[in-house]
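Student: Got a structure here, written out as structure tokens. Questions coming.
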Amino acid sequence: MNIEKLQQTAQGMAAPGRGILAMDESTPTCSKRFEKLGIPCTAEHRRSYRDMLVTTPGLGKYISGAILFDETLRQSTLSGTPFAVHLQQQGIIPGIKVDAGAKALAGHGDEKVTEGLDGLRERLAEYAAMGARFAKWRSVITIGAGMPSPACSMANAHGLARYAALCQEADMVPIVEPEVLIDGDHTIERCFEVTRDVQQMVFAQLTEQGVMMSGIILKPSMVIPGKDCVQQATIEQVAEQTVRCLQETVPADVPGIAFLSGGQSDEEATAHLNAMNRLGKKLPWAVTFSYGRALQAAAMETWGGKAENVERAQKVVSHRARMNGAAASGEYAPDMEQQAA
Ligand code: 5MM
């Protein structure tokens, strides 16, 4: 394990005013999103779409890293440059999703455990040779009657820690993503308790497996009421509860926390991140974004699978990246959305 290399990559991913573009949708997820917009679900359409994203002029100003799916890491831009090489040339660190997805946890109803540890050491070596410098593994936790069960939280925390240890062995920074889903009618208080407990378990397992905290990035969900909860929260409440939770769980030597958007609207996700960075608290870690849907949804719609829309779609990508870059420094204001329009 090359400690210096890991720390350098992790610090680059958590660079001030920049964040991570999660463009690692698996083929089934990407197909679902394309289908809704009437875009054909072919490998070439997926390649063209990802090409549109990463060739956005000036993307590297706001994006420090991009998470790719296996298929994309093996593809090239229209001009024939492998995606990983193109990203590096833009000052964007290439990464790779390595989990094999969340599968039913035996004996636990609707709960899931993320799989993908088998053969991971060999896959990481191959991905590193193709230029990936970090990896991502997402676990999902559902809040509901009797959920999460201790078995589900523990199985996922253990999986994340085993994955993280293997990444560091391969000199790749692990993005550790325990997502507490927004689905349900739970209150913000319940989300706080579950998120805190899950994160505590994750860090206990990371410690147990000997993971070096200065060489990881945490990708958590925000502390937010369930989307069907009657009592929704203000932007400031979400920011305060989320930061309070992180202060109770995340060691100070973790360099960066990069949130997922988890089904929030683009502007909500930006506003929440901004509010956290404006709380006026001196936080030991960088607090930034690693959004998928909240960075891509509007751009994908604008693109619509047509080459003639690439330039317009790239303006949308660029705008969203700039808004989130500003939020990562606490310098976003909602009227910046209108000014750009
Ligand atoms: C981009 O979507 C990622 C991959 O999802 P699947 O494995 O289900 O295809 C996903 O892990 C994503 O990176 C995170 O959930 C963050 O994305 P959001 O949309 O929540 O910001």
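Simple scheme: letters A, B, ... for chains in structure tokens order, numbers from 1 for residues in each chain, numbers from 1 for ligands in the order shown.
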Cys167 (chain A): which residues within 8 Å, counting only C-alpha atoms, same-chain residues fewer than 5 positions away excluded, as a list in words?
Tutor: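 In the requested format, the answer is Arg121, Leu124, Phe134, Ala135, Met172, Val173 and Pro174 of chain A.
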Student: Store the residues of this selection in a file with N, CA and C atoms, as a tab-separated table (two decimals), in the first residue's frame.
Tutor:
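Output file part12.tsv follows:
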```tsv
chain	number	residue	atom	x	y	z
A	121	ARG	N	-9.90	-8.43	-5.96
A	121	ARG	CA	-8.46	-8.10	-6.02
A	121	ARG	C	-7.98	-8.10	-7.48
A	124	LEU	N	-9.55	-5.14	-9.48
A	124	LEU	CA	-8.92	-3.86	-9.15
A	124	LEU	C	-7.59	-3.70	-9.89
A	134	PHE	N	-9.42	5.47	-8.37
A	134	PHE	CA	-10.26	5.24	-7.19
A	134	PHE	C	-11.41	4.33	-7.57
A	135	ALA	N	-12.13	3.86	-6.56
A	135	ALA	CA	-13.23	2.92	-6.81
A	135	ALA	C	-14.44	3.34	-6.00
A	172	MET	N	-5.69	2.15	-4.70
A	172	MET	CA	-6.84	2.89	-5.21
A	172	MET	C	-7.67	3.39	-4.03
A	173	VAL	N	-8.11	4.64	-4.12
A	173	VAL	CA	-8.89	5.22	-3.02
A	173	VAL	C	-10.32	4.68	-3.06
A	174	PRO	N	-10.80	4.11	-1.95
A	174	PRO	CA	-12.19	3.64	-1.95
A	174	PRO	C	-13.18	4.76	-1.61
```
Student: Skipping near chain neighbours, those fewer than 4 positions away, what residues fall within 8 Å of region 241-255 of chain A using only C-alpha atoms, listed as an mmCIF file with N, CA, C and O atoms, in the first residue's frame?
Tutor:
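Result file result07.cif:
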```
data_model
loop_
_atom_site.group_PDB
_atom_site.id
_atom_site.type_symbol
_atom_site.label_atom_id
_atom_site.label_comp_id
_atom_site.auth_asym_id
_atom_site.auth_seq_id
_atom_site.Cartn_x
_atom_site.Cartn_y
_atom_site.Cartn_z
ATOM 1 N N ALA A 10 -6.816 10.999 -2.750
ATOM 2 C CA ALA A 10 -7.992 11.366 -1.949
ATOM 3 C C ALA A 10 -8.081 12.888 -1.804
ATOM 4 O O ALA A 10 -9.169 13.469 -1.912
ATOM 5 N N GLN A 11 -6.937 13.522 -1.609
ATOM 6 C CA GLN A 11 -6.970 14.993 -1.477
ATOM 7 C C GLN A 11 -7.351 15.646 -2.801
ATOM 8 O O GLN A 11 -8.066 16.646 -2.829
ATOM 9 N N ALA A 14 -11.023 15.551 -3.187
ATOM 10 C CA ALA A 14 -11.715 16.467 -2.269
ATOM 11 C C ALA A 14 -11.211 17.902 -2.431
ATOM 12 O O ALA A 14 -11.304 18.708 -1.509
ATOM 13 N N PHE A 192 -31.851 10.624 11.074
ATOM 14 C CA PHE A 192 -30.625 10.945 11.817
ATOM 15 C C PHE A 192 -30.129 9.705 12.575
ATOM 16 O O PHE A 192 -28.961 9.329 12.483
ATOM 17 N N THR A 195 -28.895 6.934 10.144
ATOM 18 C CA THR A 195 -27.661 7.318 9.450
ATOM 19 C C THR A 195 -26.479 7.286 10.420
ATOM 20 O O THR A 195 -25.403 6.768 10.096
ATOM 21 N N ARG A 196 -26.697 7.824 11.633
ATOM 22 C CA ARG A 196 -25.621 7.815 12.638
ATOM 23 C C ARG A 196 -25.209 6.377 12.978
ATOM 24 O O ARG A 196 -24.025 6.042 12.982
ATOM 25 N N GLN A 199 -23.392 4.748 10.005
ATOM 26 C CA GLN A 199 -22.040 5.293 9.793
ATOM 27 C C GLN A 199 -21.094 4.858 10.909
ATOM 28 O O GLN A 199 -19.922 4.550 10.657
ATOM 29 N N GLN A 200 -21.612 4.792 12.142
ATOM 30 C CA GLN A 200 -20.740 4.326 13.238
ATOM 31 C C GLN A 200 -20.296 2.890 12.981
ATOM 32 O O GLN A 200 -19.137 2.527 13.191
ATOM 33 N N PHE A 203 -17.631 2.831 10.201
ATOM 34 C CA PHE A 203 -16.282 3.227 10.625
ATOM 35 C C PHE A 203 -15.665 2.211 11.584
ATOM 36 O O PHE A 203 -14.452 1.989 11.556
ATOM 37 N N MET A 213 -7.809 5.872 7.236
ATOM 38 C CA MET A 213 -8.881 6.855 7.050
ATOM 39 C C MET A 213 -8.470 8.014 6.143
ATOM 40 O O MET A 213 -9.320 8.596 5.472
ATOM 41 N N SER A 214 -7.172 8.353 6.132
ATOM 42 C CA SER A 214 -6.758 9.489 5.288
ATOM 43 C C SER A 214 -6.720 9.111 3.812
ATOM 44 O O SER A 214 -6.428 9.953 2.964
ATOM 45 N N GLY A 215 -7.059 7.867 3.495
ATOM 46 C CA GLY A 215 -7.057 7.417 2.099
ATOM 47 C C GLY A 215 -8.419 6.914 1.661
ATOM 48 O O GLY A 215 -8.502 5.997 0.841
ATOM 49 N N ILE A 216 -9.502 7.484 2.216
ATOM 50 C CA ILE A 216 -10.852 7.127 1.745
ATOM 51 C C ILE A 216 -11.643 8.417 1.486
ATOM 52 O O ILE A 216 -11.274 9.504 1.965
ATOM 53 N N ILE A 217 -12.738 8.288 0.760
ATOM 54 C CA ILE A 217 -13.742 9.356 0.654
ATOM 55 C C ILE A 217 -15.059 8.730 1.093
ATOM 56 O O ILE A 217 -15.416 7.636 0.627
ATOM 57 N N LEU A 218 -15.769 9.401 1.995
ATOM 58 C CA LEU A 218 -17.095 8.921 2.415
ATOM 59 C C LEU A 218 -18.148 9.542 1.500
ATOM 60 O O LEU A 218 -18.118 10.749 1.247
ATOM 61 N N MET A 222 -27.754 12.463 2.746
ATOM 62 C CA MET A 222 -27.994 13.538 3.715
ATOM 63 C C MET A 222 -29.044 13.090 4.733
ATOM 64 O O MET A 222 -29.810 12.157 4.473
ATOM 65 N N VAL A 223 -29.058 13.752 5.879
ATOM 66 C CA VAL A 223 -30.093 13.476 6.886
ATOM 67 C C VAL A 223 -31.321 14.298 6.503
ATOM 68 O O VAL A 223 -31.310 15.535 6.573
ATOM 69 N N ILE A 224 -32.344 13.597 6.072
ATOM 70 C CA ILE A 224 -33.479 14.255 5.412
ATOM 71 C C ILE A 224 -34.743 13.428 5.692
ATOM 72 O O ILE A 224 -34.645 12.202 5.830
ATOM 73 N N GLN A 237 -32.416 23.011 8.284
ATOM 74 C CA GLN A 237 -32.543 21.836 9.172
ATOM 75 C C GLN A 237 -31.783 20.633 8.603
ATOM 76 O O GLN A 237 -31.088 19.923 9.331
ATOM 77 N N MET A 276 -24.689 23.504 4.178
ATOM 78 C CA MET A 276 -23.725 22.849 5.092
ATOM 79 C C MET A 276 -22.419 23.631 5.143
ATOM 80 O O MET A 276 -21.803 23.784 6.193
ATOM 81 N N PRO A 284 -13.424 19.374 9.867
ATOM 82 C CA PRO A 284 -12.097 18.831 9.549
ATOM 83 C C PRO A 284 -11.989 18.250 8.144
ATOM 84 O O PRO A 284 -10.896 18.015 7.650
ATOM 85 N N TRP A 285 -13.121 17.972 7.496
ATOM 86 C CA TRP A 285 -13.108 17.361 6.160
ATOM 87 C C TRP A 285 -13.709 18.328 5.143
ATOM 88 O O TRP A 285 -14.530 19.174 5.477
ATOM 89 N N ALA A 286 -13.330 18.154 3.861
ATOM 90 C CA ALA A 286 -14.001 18.901 2.785
ATOM 91 C C ALA A 286 -15.407 18.321 2.657
ATOM 92 O O ALA A 286 -15.599 17.110 2.814
#
```
Student: Can you list, as a list in words, every protein, DNA or RNA residue that comes within 8 Å of Lys136 (chain A) when you count only C-alpha atoms, leaving out same-chain residues fewer than 4 positions away?
Tutor: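 Near neighbours after the sequence-gap exclusion: Ile67, Gly95, Ile96, Lys97, Val98, Asp99, Pro174, Ile175, Val176 and Glu177 of chain A.
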Student: Wanna dump the chain A-ligand 1 contacts at 7 Å for me, each residue with its shortest atom pair and the distance in Å to one decimal, counting only C-alpha atoms and all ligand atoms, ordered by chain and number, as JSON lines?
Tutor:
```
{"residue": "A:Ala22", "atom": "CA", "partner": "ligand 1", "partner_atom_place_in_ligand_line": "13 (O)", "distance": 4.7}
{"residue": "A:Met23", "atom": "CA", "partner": "ligand 1", "partner_atom_place_in_ligand_line": "1 (C)", "distance": 4.9}
{"residue": "A:Asp24", "atom": "CA", "partner": "ligand 1", "partner_atom_place_in_ligand_line": "1 (C)", "distance": 4.7}
{"residue": "A:Glu25", "atom": "CA", "partner": "ligand 1", "partner_atom_place_in_ligand_line": "9 (O)", "distance": 3.7}
{"residue": "A:Ser26", "atom": "CA", "partner": "ligand 1", "partner_atom_place_in_ligand_line": "9 (O)", "distance": 3.7}
{"residue": "A:Thr27", "atom": "CA", "partner": "ligand 1", "partner_atom_place_in_ligand_line": "9 (O)", "distance": 6.8}
{"residue": "A:Pro28", "atom": "CA", "partner": "ligand 1", "partner_atom_place_in_ligand_line": "9 (O)", "distance": 6.6}
{"residue": "A:Thr29", "atom": "CA", "partner": "ligand 1", "partner_atom_place_in_ligand_line": "9 (O)", "distance": 4.5}
{"residue": "A:Cys30", "atom": "CA", "partner": "ligand 1", "partner_atom_place_in_ligand_line": "9 (O)", "distance": 6.8}
{"residue": "A:Gly101", "atom": "CA", "partner": "ligand 1", "partner_atom_place_in_ligand_line": "7 (O)", "distance": 5.7}
{"residue": "A:Arg138", "atom": "CA", "partner": "ligand 1", "partner_atom_place_in_ligand_line": "11 (O)", "distance": 5.7}
{"residue": "A:Leu260", "atom": "CA", "partner": "ligand 1", "partner_atom_place_in_ligand_line": "21 (O)", "distance": 4.0}
{"residue": "A:Ser261", "atom": "CA", "partner": "ligand 1", "partner_atom_place_in_ligand_line": "21 (O)", "distance": 3.5}
{"residue": "A:Gly262", "atom": "CA", "partner": "ligand 1", "partner_atom_place_in_ligand_line": "20 (O)", "distance": 3.4}
{"residue": "A:Gly263", "atom": "CA", "partner": "ligand 1", "partner_atom_place_in_ligand_line": "20 (O)", "distance": 5.9}
{"residue": "A:Ser290", "atom": "CA", "partner": "ligand 1", "partner_atom_place_in_ligand_line": "21 (O)", "distance": 6.4}
{"residue": "A:Tyr291", "atom": "CA", "partner": "ligand 1", "partner_atom_place_in_ligand_line": "21 (O)", "distance": 3.6}
{"residue": "A:Gly292", "atom": "CA", "partner": "ligand 1", "partner_atom_place_in_ligand_line": "19 (O)", "distance": 3.7}
{"residue": "A:Arg293", "atom": "CA", "partner": "ligand 1", "partner_atom_place_in_ligand_line": "19 (O)", "distance": 3.7}
{"residue": "A:Ala294", "atom": "CA", "partner": "ligand 1", "partner_atom_place_in_ligand_line": "21 (O)", "distance": 5.7}
```
Student: Residues as selected, C-alpha atoms, written as a compact mmCIF listing (two decimals), in the first residue's frame, can you do that?
Tutor:
```
# COMPACT_ATOMS: atom_id res chain seq x y z
CA ALA A 22 -21.15 9.92 -10.63
CA MET A 23 -21.68 8.60 -14.16
CA ASP A 24 -21.43 4.92 -13.23
CA GLU A 25 -24.99 3.81 -13.94
CA SER A 26 -25.00 0.09 -14.64
CA THR A 27 -26.50 -0.89 -18.00
CA PRO A 28 -29.94 -1.72 -16.50
CA THR A 29 -30.11 1.66 -14.69
CA CYS A 30 -28.90 3.58 -17.73
CA GLY A 101 -25.11 -4.40 -7.03
CA ARG A 138 -22.61 1.48 -2.77
CA LEU A 260 -24.97 11.51 -3.14
CA SER A 261 -28.17 13.27 -4.23
CA GLY A 262 -30.45 10.28 -3.60
CA GLY A 263 -33.56 11.49 -5.47
CA SER A 290 -20.68 13.14 -5.81
CA TYR A 291 -24.01 13.48 -7.56
CA GLY A 292 -25.43 11.25 -10.26
CA ARG A 293 -28.99 12.25 -11.03
CA ALA A 294 -28.68 15.81 -9.63
```
Student: Return the single residue from A:Gly280, A:Pro82, A:Gly159, A:Gly65 that is closest to Ala239 (chain A), with distances computed using only C-alpha atoms.
Tutor: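 Looking only at the distances to Ala239 (chain A), the closest residue turns out to be A:Gly280.
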Student: Using only C-alpha atoms, which of the listed residues (A:Ala157, A:Val194, A:Ala43, A:Ala151) sits closest to Arg74 (chain A)?
Tutor: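 When distances to Arg74 (chain A) are compared using only C-alpha atoms, the smallest one comes from A:Ala43.
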Student: When you count only C-alpha atoms, which of these residues is closest to Pro57 (chain A): A:Gln90, A:Lys219, A:Glu169, A:Asp185?
Tutor: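 Distance minimum relative to Pro57 (chain A) lands on A:Gln90.
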Student: Record the distance separating CA of Gly325 (chain A) and CA of Ser79 (chain A), expressed in Å with one decimal.
Tutor: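 CA of Gly325 (chain A) sits 27.8 Å away from CA of Ser79 (chain A).
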Student: Per DSSP on the backbone, filter region 138-265 of chain A down to the residues in strand (DSSP E or B) and report them as a short mmCIF file (atom, residue, chain, number, x, y, z; two decimals) with N, CA and C atoms, in the first residue's frame.
Tutor:
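The new file result.cif reads:
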```
data_model
loop_
_atom_site.label_atom_id
_atom_site.label_comp_id
_atom_site.auth_asym_id
_atom_site.auth_seq_id
_atom_site.Cartn_x
_atom_site.Cartn_y
_atom_site.Cartn_z
N ARG A 138 -21.41 0.89 -3.40
CA ARG A 138 -22.61 1.48 -2.77
C ARG A 138 -23.42 0.40 -2.06
N SER A 139 -23.73 0.69 -0.78
CA SER A 139 -24.64 -0.17 -0.02
C SER A 139 -25.93 0.59 0.19
N VAL A 140 -27.06 -0.12 0.23
CA VAL A 140 -28.32 0.58 0.47
C VAL A 140 -29.00 0.09 1.73
N ILE A 141 -29.48 1.06 2.49
CA ILE A 141 -30.15 0.78 3.76
C ILE A 141 -31.55 1.37 3.66
N GLY A 144 -37.77 1.47 7.57
CA GLY A 144 -39.16 1.02 7.56
C GLY A 144 -39.44 0.23 8.81
N MET A 147 -36.79 -2.05 10.05
CA MET A 147 -35.62 -1.86 9.16
C MET A 147 -34.95 -0.52 9.44
N VAL A 173 -8.11 4.64 -4.12
CA VAL A 173 -8.89 5.22 -3.02
C VAL A 173 -10.32 4.68 -3.06
N PRO A 174 -10.80 4.11 -1.95
CA PRO A 174 -12.19 3.64 -1.95
C PRO A 174 -13.18 4.76 -1.61
N ILE A 175 -14.18 4.93 -2.46
CA ILE A 175 -15.33 5.76 -2.06
C ILE A 175 -16.24 4.80 -1.32
N VAL A 176 -16.53 5.13 -0.07
CA VAL A 176 -17.34 4.28 0.80
C VAL A 176 -18.74 4.89 0.85
N GLU A 177 -19.71 4.19 0.26
CA GLU A 177 -21.05 4.78 0.09
C GLU A 177 -22.14 3.98 0.79
N PRO A 178 -22.44 4.33 2.04
CA PRO A 178 -23.59 3.71 2.69
C PRO A 178 -24.80 4.62 2.50
N GLU A 179 -25.68 4.27 1.58
CA GLU A 179 -26.82 5.15 1.28
C GLU A 179 -28.04 4.74 2.10
N VAL A 180 -28.53 5.68 2.90
CA VAL A 180 -29.81 5.47 3.59
C VAL A 180 -30.87 6.05 2.66
N ILE A 217 -12.74 8.29 0.76
CA ILE A 217 -13.74 9.36 0.65
C ILE A 217 -15.06 8.73 1.09
N LEU A 218 -15.77 9.40 1.99
CA LEU A 218 -17.10 8.92 2.41
C LEU A 218 -18.15 9.54 1.50
N GLY A 256 -12.35 13.80 2.82
CA GLY A 256 -13.50 14.39 2.14
C GLY A 256 -14.77 13.60 2.29
N ILE A 257 -15.87 14.36 2.32
CA ILE A 257 -17.21 13.78 2.35
C ILE A 257 -17.89 14.29 1.09
N ALA A 258 -18.31 13.37 0.22
CA ALA A 258 -18.90 13.75 -1.06
C ALA A 258 -20.29 13.13 -1.13
N PHE A 259 -21.31 13.97 -0.99
CA PHE A 259 -22.68 13.46 -0.87
C PHE A 259 -23.24 12.91 -2.17
#
```
Student: Just to confirm, what's the straight-line distance from CA of Thr72 (chain A) to CA of Arg47 (chain A) in Å (one decimal)?
Tutor: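 Computing the Euclidean distance for CA of Thr72 (chain A) and CA of Arg47 (chain A) yields 6.8 Å.
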Student: Using only C-alpha atoms, which residue out of A:Ala204, A:Ala233, A:Ile63, A:Ala125 lies closest to Leu295 (chain A)?
Tutor: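 Residue with the minimum atom-to-atom distance to Leu295 (chain A): A:Ile63.
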Student: For Ile235 (chain A), which of A:Leu73, A:Ala269, A:Cys152, A:Val202 is the closest residue, counting only C-alpha atoms?
Tutor: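 Nearest candidate to Ile235 (chain A) out of A:Leu73, A:Ala269, A:Cys152, A:Val202: A:Ala269.
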Student: Which residue, A:Leu117, A:Leu37, A:Val211, A:Ala84, has the smallest gap to Val54 (chain A) when you use only C-alpha atoms?
Tutor: A:Ala84
Student: So which residues of region 193-268 of chain A fall under helix (DSSP H, G or I) by DSSP, listed as JSON, numbers by chain?
Tutor: {"A": [193, 194, 195, 196, 197, 198, 199, 200, 201, 202, 203, 204, 205, 206, 207, 208, 213, 214, 215, 235, 236, 237, 238, 239, 240, 241, 242, 243, 244, 245, 246, 247, 248, 249, 266, 267, 268]}
